[in-house]
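Trainee: One structure, pasted below without further comment.
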Amino acid sequence: METRSIVRAALFAALIAALGLVPRVDVPIAAGVPITAQTLGVILAGLLLGARVGAAAVLLFLFVVALGAPLLSGGRGGVGVFFGPTAGYLIGWIFGAAAVGFLMQKLPIASIFIRALVASLIGGVFVIYLFGIPYLAVVARLTLDKAFLAGAVFLPGDILKAVLAALVAKSYFASRTPIK
C-alpha cells in the first residue's frame with residue numbers, strides 16, 4: 001500500500017473513532033447491541049477510499065480497539081468486545097466497507113448519489129447485518145428470527161446513515177475525477 005493510502009486509512013480510522021464520541025443508544029430488545037454513529041464512518045470509508053483501503057481503515061480501527069483503546073461508542077474497547085453481542089457487527093464492518101467500495105466502483109449507475117446509496121445499503125447495511133445477526137443469535141442465545149427482529153431495530157437509522165453517506169459521496173465526487 002502506498003503512503004497516501006496508509007494516511008487515508010489512518011484518517012478514516014480516526015473518523016470512525018471520533019464518531020464513537022456520539023453517545024450510543026441502548027435498545028433493550030437488541031440484546032446488548034447499541035445504536036451508534038460509527039457505521040456511518042465505515043460506510044464513508046468504503047465509498048470514499050474504495051474496497052481495499054476502506055477495509056484497511058476499519059481493520060486499523062478494530063486493531064486499535066483490540067489493543068484496549070476505548071474507541072467504540074460508550075467507551076468500550078479491548079479484546080472482550082470481540083466476544084460480546086456486537087462482535088459479528090464489528091467483523092461485518094470490515095466486509096461491509098469492502099463491499100461498499102467494490103459496489104461504488106462497479107455498479108453501472110450514472111448518478112453518483114444513487115450508486116453510493118445502493119452501495120451503502122447493500123454493503124453498509126445488508127453485509128454488516130449478514131455477519132451481525134447470526135453472531136448475535138449465537139451469543140444472545142436467540143433464534144435466528146428473533147435475532148433478525150432485534151437487528152431490525154437498527155434498520156431506520158442505518159438507512160438514514162446510508163442516505164447521509166450518499167450525500168457526502170455526491171458532494172465529494174462532484175469536485176473530483178471519477179472513481180478508477
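Residue numbering restarts at 1 for every chain of the C-alpha cells, chains are lettered A, B, ... in their displayed order, and ligands are numbered from 1 as they appear.
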Could you list, as a list in words, every residue within 8 Å of stretch 128-145 of chain A, counting only C-alpha atoms and ignoring same-chain residues fewer than 4 positions away?
Mentor: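 Within the cut-off, the hits are Ala31, Gly84, Pro85, Thr86, Ala87, Gly88, Tyr89, Leu90, Ile91, Gly92, Trp93, Phe95, Gly96, Gly123, Gly124, Leu149 and Gly151 of chain A.
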Trainee: Taking into account only C-alpha atoms, which residue in the set A:Val25, A:Phe12, A:Glu2, A:Val79 is nearest to A:Val153?
Mentor: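 Distance minimum relative to A:Val153 lands on A:Val25.
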Trainee: Which residues are near A:Leu49? Cut-off 9 Å, only C-alpha atoms, ignore same chain within fewer than 4 positions. Put them as a list in words.
Mentor: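 Surrounding residues, per the criterion: Ser5, Arg8, Ala9, Phe12, Leu44, Ala45, Val53, Gly54, Ala55, Ala57 and Gly101 of chain A.
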Trainee: Contacts of A:Ala165 at 7 Å or less, counting only C-alpha atoms, minus same-chain residues fewer than 4 places along, as a list in words?
Mentor: Leu40, Ile43, Leu44, Lys161 and Ala169 of chain A
Trainee: Please save C-alpha atoms of the selected residues as a PDB file, in the first residue's frame.
Mentor:
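Result file is again.pdb:
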```pdb
ATOM      1  CA  LEU A  40     -21.553   5.983   9.094  1.00  0.00           C
ATOM      2  CA  ILE A  43     -19.773   3.298   5.024  1.00  0.00           C
ATOM      3  CA  LEU A  44     -17.896   6.500   4.198  1.00  0.00           C
ATOM      4  CA  LYS A 161     -26.748   6.748   7.589  1.00  0.00           C
ATOM      5  CA  ALA A 169     -20.155  10.965  -1.633  1.00  0.00           C
TER       6      ALA A 169
END
```
Trainee: Quick check, in Å to one decimal: how far apart do atom CA of A:Ala66 and atom CA of A:Leu164 lie?
Mentor: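 Straight-line distance from atom CA of A:Ala66 to atom CA of A:Leu164 works out to 28.3 Å.
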Trainee: Using only C-alpha atoms for the distances, tell me which of A:Gly46, A:Val168, A:Ile35, A:Ala10 is nearest to A:Ile112.
Mentor: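 Smallest distance to A:Ile112 is found for A:Val168.
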Trainee: Which residues are close to A:Thr36, i.e. within 10 Å by only C-alpha atoms, leaving aside same-chain residues fewer than 2 positions away? Reply as a ChimeraX atom specification.
Mentor: /A:19-26,33-34,38-40,72-74,154,157-158
Trainee: Give me the residues within 10 Å of A:Val163 as a ChimeraX atom specification, counting only C-alpha atoms and dropping any in the same chain fewer than 6 places off.
Mentor: /A:40,113-114,116-118,120-121,157,169
Trainee: Output C-alpha atoms of each residue in that selection to a file, as a PDB file, in the first residue's frame.
Mentor:
```
ATOM      1  CA  LEU A  40     -21.553   5.983   9.094  1.00  0.00           C
ATOM      2  CA  PHE A 113     -25.852   9.643  -5.380  1.00  0.00           C
ATOM      3  CA  ILE A 114     -27.891   6.592  -6.454  1.00  0.00           C
ATOM      4  CA  ALA A 116     -23.489   5.497  -3.466  1.00  0.00           C
ATOM      5  CA  LEU A 117     -26.897   4.881  -1.906  1.00  0.00           C
ATOM      6  CA  VAL A 118     -27.221   1.392  -3.399  1.00  0.00           C
ATOM      7  CA  SER A 120     -24.241   1.854   1.104  1.00  0.00           C
ATOM      8  CA  LEU A 121     -27.462  -0.082   1.551  1.00  0.00           C
ATOM      9  CA  GLY A 157     -31.067   4.556  11.482  1.00  0.00           C
ATOM     10  CA  ALA A 169     -20.155  10.965  -1.633  1.00  0.00           C
TER      11      ALA A 169
END
```
Trainee: Would you work out the distance separating atom CA of A:Lys170 from atom CA of A:Arg115, expressed in Å to one decimal?
Mentor: 9.4 Å
Trainee: Apply DSSP to the structure's backbone, then extract all residues of chain A labelled alpha helix (DSSP H) and return them as JSON, numbers by chain.
Mentor: {"A": [3, 4, 5, 6, 7, 8, 9, 10, 11, 12, 13, 14, 15, 16, 17, 18, 19, 38, 39, 40, 41, 42, 43, 44, 45, 46, 47, 48, 49, 51, 52, 53, 54, 55, 56, 57, 58, 59, 60, 61, 62, 63, 64, 65, 66, 87, 88, 89, 90, 91, 92, 93, 94, 95, 96, 97, 98, 99, 100, 101, 102, 103, 104, 105, 106, 112, 113, 114, 115, 116, 117, 118, 119, 120, 121, 128, 129, 130, 131, 132, 133, 134, 135, 136, 137, 138, 139, 144, 145, 146, 147, 148, 149, 150, 151, 152, 155, 156, 157, 158, 159, 160, 161, 162, 163, 164, 165, 166, 167, 168, 169, 170, 171, 172, 173, 174]}
Trainee: Would you mind telling me which residue in A:Val65, A:Thr3, A:Ile159, A:Leu47 lies nearest to A:Ala17 when using only C-alpha atoms?
Mentor: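 Using only C-alpha atoms, the shortest distance to A:Ala17 belongs to A:Val65.
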Trainee: Atom CA of A:Leu103 and atom CA of A:Ala119, how far apart in Å?
Mentor: 5.2 Å
